[in-house]
There are 4 protein chains.
Amino acid sequence: MVGGGSGAFIGAVHRAAAVMDGQIEVAAGALSSTEEKSLASGRELGLPEGRVYGSWTRMLEGELALPEEDRVDFVSVVTPNHVHFPVAHAFVKAGFNVVLDKPMVHTTEQAEELVDAVEKAGVVFAVTYQYTGYPMVKQARHMVREGHLGEIRKVIVEYNQGWLARNVEETGAKQAEWRTDPGRSGIAGAIGDIGSHAENLAATITGLEISELCADLTSFVPGRRLDDDGNLLLRYEGGAKGVLIASQISAGEENDLRIRVYGSEGGLEWRQEEPNRLLFKPDGAPEQVLKRGNDYLCEDAKNATRVPPGHPEAFIEAFANVYSSVAATIRVARGEQPGDGMAHDFPTVHDGARGVRFIEKVVESHLSDEKWTDAREHPATDGPAKVGKDALEGRNLSRDPGRSFDH
Amino acid sequence: MVGGGSGAFIGAVHRAAAVMDGQIEVAAGALSSTEEKSLASGRELGLPEGRVYGSWTRMLEGELALPEEDRVDFVSVVTPNHVHFPVAHAFVKAGFNVVLDKPMVHTTEQAEELVDAVEKAGVVFAVTYQYTGYPMVKQARHMVREGHLGEIRKVIVEYNQGWLARNVEETGAKQAEWRTDPGRSGIAGAIGDIGSHAENLAATITGLEISELCADLTSFVPGRRLDDDGNLLLRYEGGAKGVLIASQISAGEENDLRIRVYGSEGGLEWRQEEPNRLLFKPDGAPEQVLKRGNDYLCEDAKNATRVPPGHPEAFIEAFANVYSSVAATIRVARGEQPGDGMAHDFPTVHDGARGVRFIEKVVESHLSDEKWTDAREHPATDGPAKVGKDALEGRNLSRDPGRSFDH
Amino acid sequence: MVGGGSGAFIGAVHRAAAVMDGQIEVAAGALSSTEEKSLASGRELGLPEGRVYGSWTRMLEGELALPEEDRVDFVSVVTPNHVHFPVAHAFVKAGFNVVLDKPMVHTTEQAEELVDAVEKAGVVFAVTYQYTGYPMVKQARHMVREGHLGEIRKVIVEYNQGWLARNVEETGAKQAEWRTDPGRSGIAGAIGDIGSHAENLAATITGLEISELCADLTSFVPGRRLDDDGNLLLRYEGGAKGVLIASQISAGEENDLRIRVYGSEGGLEWRQEEPNRLLFKPDGAPEQVLKRGNDYLCEDAKNATRVPPGHPEAFIEAFANVYSSVAATIRVARGEQPGDGMAHDFPTVHDGARGVRFIEKVVESHLSDEKWTDAREHPATDGPAKVGKDALEGRNLSRDPGRSFDH
Amino acid sequence: MVGGGSGAFIGAVHRAAAVMDGQIEVAAGALSSTEEKSLASGRELGLPEGRVYGSWTRMLEGELALPEEDRVDFVSVVTPNHVHFPVAHAFVKAGFNVVLDKPMVHTTEQAEELVDAVEKAGVVFAVTYQYTGYPMVKQARHMVREGHLGEIRKVIVEYNQGWLARNVEETGAKQAEWRTDPGRSGIAGAIGDIGSHAENLAATITGLEISELCADLTSFVPGRRLDDDGNLLLRYEGGAKGVLIASQISAGEENDLRIRVYGSEGGLEWRQEEPNRLLFKPDGAPEQVLKRGNDYLCEDAKNATRVPPGHPEAFIEAFANVYSSVAATIRVARGEQPGDGMAHDFPTVHDGARGVRFIEKVVESHLSDEKWTDAREHPATDGPAKVGKDALEGRNLSRDPGRSFDH
């Protein structure tokens with residue numbers, strides 16, 4: 001593990017998720033940004049003395065120095081965003097399997113470089129869009145694929161949070177600090193942190209590609225340097241339409257990721273805060289409430305569960321499914337047969353790259369007077385200008401009187 | 001009553017709503033589009049023989065011929081949209097109080113003419129945006145006004161239906177026929193029929209004026225001549241942002257009008273399908289579920305209810321509240337003191353006019369390549385071109401390959 | 001109408017319900033317990049002068065003095081409980097159709113006398129257990145009858161209220177006063193007022209007869225003279241088991257009437273506070289949410305509705321269904337064909353009599369040390385002793401230290 | 001760990017729960033009922049070779065043979081019920097800390113012997129009533145203790161399942177087999193398996209002691225030897241009343257453990273299937289929805305959570321809280337200061353003993369014609385006869401025509 005030292009909330013969640021199914025144990029780590037903290041955190045976790053590293057570069061060297069069968073099976077990177085690229089890139093190039101937090105990297109250039117590296121190295125590479133690890137998300141994906149909804153016409157995906165409704169980054173909240181800092185978070189705030197989850201959820205369930213989008217971002221809280229609210233109109237390849245809402249100033253909301261998908265034959269609805277239920281609304285017939293753990297679900301949904309119906313599973317279990325799938329996939333890659341049906345069911349480097357492009361296109365659209373911004377990986381035309389680093393530097397992100405940070 | 005003869009669903013609802021509180025009875029009517037049907041419907045309703053009219057013009061003449069104290073106290077107009085203007089305008093000019101279905105009229109020109117007429121005649125004039133008659137909508141309005149949410153930052157208002165997911169207008173559904181016919185419905189389909197309700201609900205609760213909007217309309221069902229789905233980004237005067245979704249192809253949804261409002265201090269959520277509950281989500285404190293009929297609600301919410309908490313009230317009761325407020329207001333105008341606290345709490349001709357402008361601006365935005373369309377009543381600049389009748393005539397509303405009906 | 005004068009909440013609800021469908025109008029009344037109030041209330045309602053009576057006996061005389069075709073078509077009796085029997089009995093004997101509030105009368109003797117009178121007179125007689133007027137209750141009844149649940153094994157029916165959690169009868173709440181007064185309410189409090197509704201709901205849906213019951217009643221609020229909480233174990237003919245809970249001290253609850261029924265093939269769940277939904281839980285398949293107004297429902301449920309799916313109907317509409325069915329049944333009795341499919345779908349004098357017996361048996365069980373009290377209409381054995389008036393007089397209903405009012 | 005070998009669902013859950021917080025690892029085990037399976041399961045789990053035992057007696061010997069500091073810190077016993085007593089008793093007497101599945105043992109005699117042994121040995125001893133590990137259960141307990149509900153008057157606790165609605169024990173379902181076998185499960189079926197959880201939940205939240213109870217048990221499924229449905233009336237010390245429902249034939253229900261508690265000032269409601277929410281219904285004020293992870297909760301609820309609000313926690317996390325509290329308590333016992341605030345917050349041997357007595361009293365009541373069975377630990381009178389082993393042997397548990405398995 002790289003990052004995730006003492007006090008880092010997300011590191012503990014990654015570890016709880018990783019070890020849940022008894023297949024993974026934390027074997028080595030460079031857990032913090034300074035040598036001192038790294039060593040202290042590693043010891044606190046009870047890592048073997050020789051496998052506690054003071055920095056990720058030392059860890060890379062140290063692990064490479066071991067006989068191949070003694071090295072870590074994969075590296076989990078859970079640092080703040082700006083460190084994602086160098087760490088992941090280096091380990092991939094050295095032939096390690098990697099699990100990386102989202103958003104994958106800061107720019108499309110980095111994303112493309114990483115995709116190349118992963119393909120060349122042939123390693124297993126996962127991005128922890130953990131919400132798609134929920135069994136009922138897999139069931140929703142299955143039902144769309146199998147045509148239970150008919151032709152998809154409309155997607156409404158939302159991620160509403162309220163934790164940044166106040167200026168908490170100036171009152172000592174560590175996570176709020178880096179999340180609202182362009183240097184560490186990248187060019188987007190709410191869109192980067194949670195909009196990217198919404199994008200991934202919609203893409204995972206529907207398989208649709210966004211062709212054009214129209215974004216309106218806002219930074220409501222005075223002094224905030226990145227967007228804390230974003231609303232998007234979406235147009236998909238093939239004609240479906242969509243709305244994506246991502247907000248961190250929706251006071252009173254907690255972690256309200258939800259999606260509705262409508263097709264010509266019916267609709268689906270899923271909410272992360274009640275993850276064990278999936279609503280299916282067939283046109284002209286009673287609404288159905290599908291529940292995790294039941295025999296009537298698809299194989300992917302059944303494989304991704306641990307306890308019987310009615311014994312709820314939740315966030316850490318969804319996270320654990322990403323890790324279990326990585327573990328199974330590594331085993332398959334080694335010629336083993338893990339037998340749990342979990343292999344190859346996690347977000348890949350391509351999901352990660354698409355997420356990075358999404359963030360860039362949203363910011364580009366926000367800054368544009370054009371109604372629609374082409375968001376396809378391979379636009380038919382020459383396509384609009386790149387955003388990325390330059391745009392970030394030139395932007396004045398402070399709140400204007402009309403409250404949107406337009407320029 | 002004008003319109004609402006045998007078989008017209010909405011006429012029976014208007015009557016049930018009007019008579020509910022024992023203050024109103026149907027005294028006269030021109031209930032259908034032909035003389036024969038009008039007379040038959042009037043007799044079926046048991047109207048006195050001399051007050052059953054064959055057409056609305058005869059009704060106007062007939063009522064004016066009566067001594068003033070014997071005339072109807074007000075006229076309720078529940079015809080298809082294209083008949084709204086001439087009927088309402090004529091009765092207003094003749095000095096009758098009027099209750100008119102929404103959308104009020106087809107064009108801003110008509111709306112302005114009607115506003116003038118109402119102001120000159122000094123009559124009581126209501127538009128039946130009946131959803132704002134729900135007690136918990138009045139409570140939501142109260143809480144926003146009293147500052148319980150702090151400064152309003154964001155509005156998400158939706159109206160999702162699925163009844164037009166199939167081409168029902170070609171299989172004999174009478175209401176579907178006129179709702180999808182530009183000649184009778186006006187320039188917009190879903191936006192005109194239900195988007196206008198969503199606009200009215202948001203405006204009633206928040207009091208905010210839309211300054212700019214960006215719309216994407218679609219006609220998903222092959223052959224349909226008006227939009228059956230619309231998604232909007234909104235910018236409000238003062239800096240709040242919004243999303244408005246109106247769809248009649250959201251298969252599996254029934255009458256899913258809902259709104260969420262977020263301010264700097266908390267959020268509100270209300271759903272028409274569970275109208276007796278209002279969620280209040282104060283930042284940093286437990287969510288509250290406010291319930292109709294309780295002493296802790298505001299006076300307007302308490303006045304607008306009939307039965308104790310837990311005995312649910314619903315659609316017809318909300319509708320009845322519009323009528324009861326009209327009755328109380330007419331009494332006040334006559335110098336009576338109705339004592340039920342209901343006077344002057346209904347949607348007025350100004351709400352109606354704003355709704356008409358909203359529909360026009362949405363269509364204008366949809367047809368525009370500009371991201372933002374100015375939607376203010378009095379734009380700062382010279383403002384964008386009028387849409388209205390001309391645009392309607394020139395548009396080809398059939399479905400293009402990309403499924404939006406753009407030009 | 002007898003009873004229901006100014007200020008009586010339930011009278012206004014009865015009237016709103018009766019007139020909703022345009023088939024019934026209030027034509028005459030003896031609306032209060034004194035001549036003066038009766039006349040004032042009648043005038044306030046706008047009744048024709050000659051049909052406002054000072055007492056129910058005068059009304060009976062006055063209506064009988066009219067030519068048969070000018071008399072009221074039926075009499076609605078909405079007085080406090082102790083007046084039910086004499087009024088209903090007299091009008092029935094005189095040949096009038098009657099709608100009577102519940103519980104029908106105070107004792108089984110009265111109930112039997114009334115059943116006899118109704119059968120002899122051949123009149124239409126309804127008891128307003130209005131909750132069974134909800135369309136989704138009719139749907140639940142249909143599904144049980146059609147075997148969708150298999151063999152019924154278990155019933156859990158509850159009616160939880162909190163409005164008597166405090167001693168409101170001593171602080172001027174008029175309804176609380178008579179509801180807690182044995183002289184006017186009868187031998188039971190919560191069991192009589194709302195337990196009887198729960199009994200009727202379970203009996204209507206399942207068609208099962210209670211064979212034995214075991215009751216524990218309590219009077220929690222100091223000074224209260226009747227039970228304010230009751231819990232029952234039920235055994236049904238044929239082997240099903242049940243639990244019935246009725247409470248008026250469940251602080252924080254409003255009007256929480258709900259029922260769950262489980263059979264060998266699946267379960268049903270319905271809640272009065274969300275009356276437009278019915279949950280069906282087939283064993284081994286996804287839960288279904290059936291919603292009012294849809295084509296997939298049974299005929300009785302579809303006939304009993306006025307507005308399309310998603311436009312909620314509620315308490316007054318359920319009440320109106322009882323009146324509409326009475327109106328249709330009277331028409332059928334006259335040889336007309338009302339055509340709305342509503343005839344003969346209301347609670348009858350037999351439901352009323354069963355409800356009275358239920359109340360007596362619950363009190364009998366509560367006072368007994370035997371575990372099971374036979375509750376059948378025709379017990380196999382000689383049966384247990386009668387309760388009724390004697391028991392009431394001899395009981396000390398004040399609260400004992402253990403809080404149950406056993407004596 | 002004793003028990004919980006390959007294929008045993010609950011063993012894997014115990015392990016996932018135990019290791020979640022990085023404080024516990026499985027160090028040794030006798031995982032199955034035969035030596036062969038035990039060894040195979042231990043190897044599969046990756047236990048060190050010397051710590052895989054063929055039976056629990058060998059494990060006891062083997063661990064005792066190690067230096068004290070190398071022994072397991074505690075033993076987790078997750079066998080079928082009939083093995084609980086000998087294993088737990090032996091390890092306790094040998095001075096090991098023990099975590100034991102529920103119901104603790106089969107008879108009150110065993111329970112008392114175990115209580116004595118634990119008190120003499122001074123070891124940490126927990127019974128995994130894991131549902132009380134949910135943070136919102138801790139919050140409910142806190143609110144009752146702090147008087148937010150006033151004086152407690154009524155408890156409704158239910159545990160509805162449907163998995164035994166069919167005769168699954170005869171179609172190869174391993175868990176159904178032993179759960180319905182008196183030899184392995186004890187004298188009760190649904191009451192023992194899940195009724196005991198309901199009892200523990202109510203006792204934990206309210207702190208009330210049951211003084212008397214009245215039970216009606218049924219075995220609905222033909223051929224089943226133990227009750228699959230039970231309904232109870234409860235009387236508590238101090239005057240509160242209660243209803244307890246436990247069923248495994250409620251077709252369509254999954255794991256519907258829920259509780260409502262009403263006091264003189266308000267009510268509480270919690271459902272295991274949506275464990276992150278707790279409803280608080282103060283009399284006369286809006287209902288509140290308290291949500292896990294928030295600052296406004298009590299310390300115990302906050303200590304027992306891992307992820308921020310809105311990231312749901314569920315069954316395994318609740319289970320993990322029992323283990324974490326045991327770990328913290330063992331540390332405290334050793335003079336360490338774990339610092340997570342979790343020490344001494346788990347169900348003890350006394351909870352276990354009370355649960356065993358509850359099961360016996362329920363069966364005793366079911367077999368009795370007396371309405372009330374004294375259920376106190378120390379009855380005022382000489383008390384009713386013991387049930388237990390004798391009653392079990394003498395009973396014919398097959399289904400009688402009336403479907404209750406009375407005699």
# chains A, B, ... in the order shown; residues from 1 in each chain; ligands from 1
call {"tool": "closest_atom_pairs", "arguments": {"of": "chain D", "to": "chain B", "cutoff": "12 Å", "atoms": "only C-alpha atoms", "output": "Markdown table"}}
result
| residue | atom | partner | partner_atom | distance |
| --- | --- | --- | --- | --- |
| D:Arg277 | CA | B:Pro286 | CA | 10.2 |
| D:Leu278 | CA | B:Pro286 | CA | 9.9 |
| D:Leu279 | CA | B:Gln288 | CA | 9.5 |
| D:Phe280 | CA | B:Gln288 | CA | 9.4 |
| D:Lys281 | CA | B:Val289 | CA | 9.4 |
| D:Pro282 | CA | B:Gln288 | CA | 10.9 |
| D:Asp283 | CA | B:Asn294 | CA | 10.8 |
| D:Gly284 | CA | B:Tyr296 | CA | 7.4 |
| D:Ala285 | CA | B:Tyr296 | CA | 6.6 |
| D:Pro286 | CA | B:Leu290 | CA | 5.1 |
| D:Glu287 | CA | B:Val289 | CA | 5.0 |
| D:Gln288 | CA | B:Gln288 | CA | 4.5 |
| D:Val289 | CA | B:Glu287 | CA | 5.0 |
| D:Leu290 | CA | B:Pro286 | CA | 5.1 |
| D:Lys291 | CA | B:Pro286 | CA | 7.1 |
| D:Arg292 | CA | B:Pro286 | CA | 10.2 |
| D:Gly293 | CA | B:Gly284 | CA | 11.2 |
| D:Asn294 | CA | B:Gly284 | CA | 7.7 |
| D:Asp295 | CA | B:Gly284 | CA | 7.6 |
| D:Tyr296 | CA | B:Ala285 | CA | 6.6 |
| D:Leu297 | CA | B:Pro286 | CA | 9.3 |
| D:Pro309 | CA | B:Gly284 | CA | 10.9 |
call {"tool": "residues_around", "arguments": {"residues": "C:Gly230", "least_positions_apart": "6", "cutoff": "10 Å", "atoms": "only C-alpha atoms", "output": "PyMOL selection string"}}
result
(chain C and resi 159+188-191+195+215-219+244-248+362-363+366+404) or (chain D and resi 241-242)
call {"tool": "write_last_selection", "arguments": {"atoms": "C-alpha atoms", "output": "short mmCIF file (atom, residue, chain, number, x, y, z; two decimals), in the first residue's frame"}}
result
data_model
loop_
_atom_site.label_atom_id
_atom_site.label_comp_id
_atom_site.auth_asym_id
_atom_site.auth_seq_id
_atom_site.Cartn_x
_atom_site.Cartn_y
_atom_site.Cartn_z
CA TYR C 159 -53.64 0.57 14.50
CA ALA C 188 -63.90 -0.19 25.30
CA GLY C 189 -61.70 2.77 24.40
CA ALA C 190 -58.89 2.14 21.91
CA ILE C 191 -60.31 -1.29 21.13
CA GLY C 195 -59.32 -1.89 17.30
CA ALA C 215 -56.23 -9.84 25.06
CA ASP C 216 -54.17 -7.58 27.28
CA LEU C 217 -55.64 -4.10 27.64
CA THR C 218 -54.10 -1.19 29.48
CA SER C 219 -55.09 2.28 30.50
CA LEU C 244 -53.77 -7.34 16.62
CA ILE C 245 -52.37 -4.17 18.15
CA ALA C 246 -54.47 -1.08 18.83
CA SER C 247 -53.05 1.83 20.72
CA GLN C 248 -53.80 5.47 21.26
CA VAL C 362 -61.73 -8.60 23.78
CA VAL C 363 -62.93 -7.10 27.04
CA HIS C 366 -58.87 -9.13 29.15
CA SER C 404 -53.33 -2.70 33.38
CA LYS D 241 -46.44 -3.72 27.87
CA GLY D 242 -45.03 -5.41 24.82
#
call {"tool": "residues_around", "arguments": {"residues": "D:Ala16", "least_positions_apart": "6", "cutoff": "8 Å", "atoms": "only C-alpha atoms", "output": "MDAnalysis selection string"}}
result
(chainID A and resid 19:22) or (chainID D and resid 316 320)
call {"tool": "write_last_selection", "arguments": {"atoms": "N, CA and C atoms", "output": "PDB file, in the first residue's frame"}}
result
ATOM      1  N   VAL A  19      -9.018  -7.022   3.176  1.00  0.00           N
ATOM      2  CA  VAL A  19      -8.841  -8.244   3.969  1.00  0.00           C
ATOM      3  C   VAL A  19     -10.152  -8.985   4.215  1.00  0.00           C
ATOM      4  N   MET A  20     -11.267  -8.388   3.841  1.00  0.00           N
ATOM      5  CA  MET A  20     -12.569  -8.943   4.238  1.00  0.00           C
ATOM      6  C   MET A  20     -12.764 -10.402   3.859  1.00  0.00           C
ATOM      7  N   ASP A  21     -12.327 -10.765   2.671  1.00  0.00           N
ATOM      8  CA  ASP A  21     -12.640 -12.119   2.215  1.00  0.00           C
ATOM      9  C   ASP A  21     -11.525 -13.126   2.467  1.00  0.00           C
ATOM     10  N   GLY A  22     -10.569 -12.712   3.296  1.00  0.00           N
ATOM     11  CA  GLY A  22      -9.539 -13.665   3.699  1.00  0.00           C
ATOM     12  C   GLY A  22      -8.574 -14.039   2.598  1.00  0.00           C
TER      13      GLY A  22
ATOM     14  N   ILE D 316     -22.085  -6.933   8.590  1.00  0.00           N
ATOM     15  CA  ILE D 316     -20.745  -7.386   8.985  1.00  0.00           C
ATOM     16  C   ILE D 316     -20.084  -6.354   9.892  1.00  0.00           C
ATOM     17  N   ALA D 320     -18.666  -6.816  13.484  1.00  0.00           N
ATOM     18  CA  ALA D 320     -17.288  -6.413  13.800  1.00  0.00           C
ATOM     19  C   ALA D 320     -17.233  -5.589  15.073  1.00  0.00           C
TER      20      ALA D 320
END
call {"tool": "residues_around", "arguments": {"residues": "A:Phe125", "least_positions_apart": "6", "cutoff": "10 Å", "atoms": "only C-alpha atoms", "output": "compact mmCIF listing (two decimals) with C-alpha atoms, in the first residue's frame"}}
result
# COMPACT_ATOMS: atom_id res chain seq x y z
CA PHE A 74 -0.20 -5.89 -6.16
CA VAL A 75 0.20 -2.29 -5.00
CA SER A 76 -2.75 -0.28 -3.74
CA ALA A 88 1.07 4.14 -10.52
CA VAL A 92 3.17 -0.54 -13.63
CA PHE A 96 3.45 -4.70 -10.59
CA ASN A 97 -0.31 -5.09 -10.59
CA VAL A 98 -1.89 -1.87 -9.32
CA VAL A 99 -5.09 -0.75 -7.60
CA LEU A 100 -5.45 3.03 -7.86
CA VAL A 115 -3.08 3.16 -20.54
CA VAL A 118 -0.59 -0.97 -18.56
CA GLU A 119 -1.07 -2.50 -21.99
CA VAL A 326 -8.56 -8.00 -8.52
CA THR A 329 -8.06 -11.81 -11.73
CA ILE A 330 -4.46 -12.04 -10.58
CA PHE A 346 -13.70 -4.21 -11.71
CA PRO A 347 -13.16 -0.73 -13.20
CA THR A 348 -10.14 -0.77 -15.48
CA VAL A 349 -7.56 1.72 -16.67
CA HIS A 350 -9.94 2.54 -19.52
CA GLY A 352 -10.07 5.63 -15.36
call {"tool": "residues_around", "arguments": {"residues": "B:Gly7", "least_positions_apart": "4", "cutoff": "10 Å", "atoms": "only C-alpha atoms", "output": "VMD selection string"}}
result
chain B and resid 11 to 12 41 174
call {"tool": "write_last_selection", "arguments": {"atoms": "C-alpha atoms", "output": "tab-separated table (two decimals), in the first residue's frame"}}
result
chain	number	residue	atom	x	y	z
B	11	GLY	CA	-63.94	18.15	-15.49
B	12	ALA	CA	-65.10	15.61	-12.92
B	41	SER	CA	-73.77	16.67	-20.28
B	174	LYS	CA	-58.26	11.02	-26.32
call {"tool": "select_by_dssp", "arguments": {"residues": "stretch 92-230 of chain B", "states": "strand (DSSP E)", "output": "number ranges by chain"}}
result
B: 97-100, 125-127, 152-160, 210-218, 229-230
call {"tool": "select_by_dssp", "arguments": {"residues": "stretch 64-200 of chain C", "states": "alpha helix (DSSP H)", "output": "MDAnalysis selection string"}}
result
chainID C and resid 64:65 84:93 108:121 135:145 174:179 182:185 190 196:200
call {"tool": "residues_around", "arguments": {"residues": "C:Glu151", "least_positions_apart": "6", "cutoff": "8 Å", "atoms": "only C-alpha atoms", "output": "PDB file with C-alpha atoms, in the first residue's frame"}}
result
ATOM      1  CA  GLY C 263     -49.643 -17.201   3.224  1.00  0.00           C
ATOM      2  CA  SER C 264     -47.796 -20.275   2.090  1.00  0.00           C
ATOM      3  CA  GLU C 265     -46.891 -18.574  -1.212  1.00  0.00           C
TER       4      GLU C 265
END
call {"tool": "residues_around", "arguments": {"residues": "A:Asp345", "least_positions_apart": "5", "cutoff": "9 Å", "atoms": "only C-alpha atoms", "output": "VMD selection string"}}
result
chain A and resid 133 300 321 to 322 325 to 326 329
call {"tool": "write_last_selection", "arguments": {"atoms": "N, CA and C atoms", "output": "compact mmCIF listing (two decimals), in the first residue's frame"}}
result
# COMPACT_ATOMS: atom_id res chain seq x y z
N GLY A 133 -18.97 -1.63 -7.40
CA GLY A 133 -18.79 -2.93 -6.77
C GLY A 133 -20.05 -3.44 -6.09
N ASP A 300 -23.37 -12.30 -11.67
CA ASP A 300 -22.41 -11.31 -11.16
C ASP A 300 -22.88 -10.74 -9.83
N ASN A 321 -15.49 -5.90 -2.95
CA ASN A 321 -15.71 -6.61 -4.21
C ASN A 321 -14.70 -6.21 -5.28
N VAL A 322 -14.29 -4.94 -5.26
CA VAL A 322 -13.25 -4.53 -6.20
C VAL A 322 -11.96 -5.29 -5.90
N SER A 325 -12.21 -8.99 -6.79
CA SER A 325 -12.14 -9.23 -8.22
C SER A 325 -10.70 -9.10 -8.71
N VAL A 326 -9.99 -8.14 -8.16
CA VAL A 326 -8.56 -8.00 -8.52
C VAL A 326 -7.81 -9.27 -8.11
N THR A 329 -8.63 -12.03 -10.40
CA THR A 329 -8.06 -11.81 -11.73
C THR A 329 -6.57 -12.11 -11.74
call {"tool": "atom_distance", "arguments": {"atom1": "atom CA of D:Pro275", "atom2": "atom CA of C:Asn231"}}
result
26.7 Å
call {"tool": "atom_distance", "arguments": {"atom1": "atom CA of D:Met1", "atom2": "atom CA of A:Val307"}}
result
19.5 Å
call {"tool": "atom_distance", "arguments": {"atom1": "atom CA of A:Ala251", "atom2": "atom CA of D:Asn303"}}
result
24.3 Å
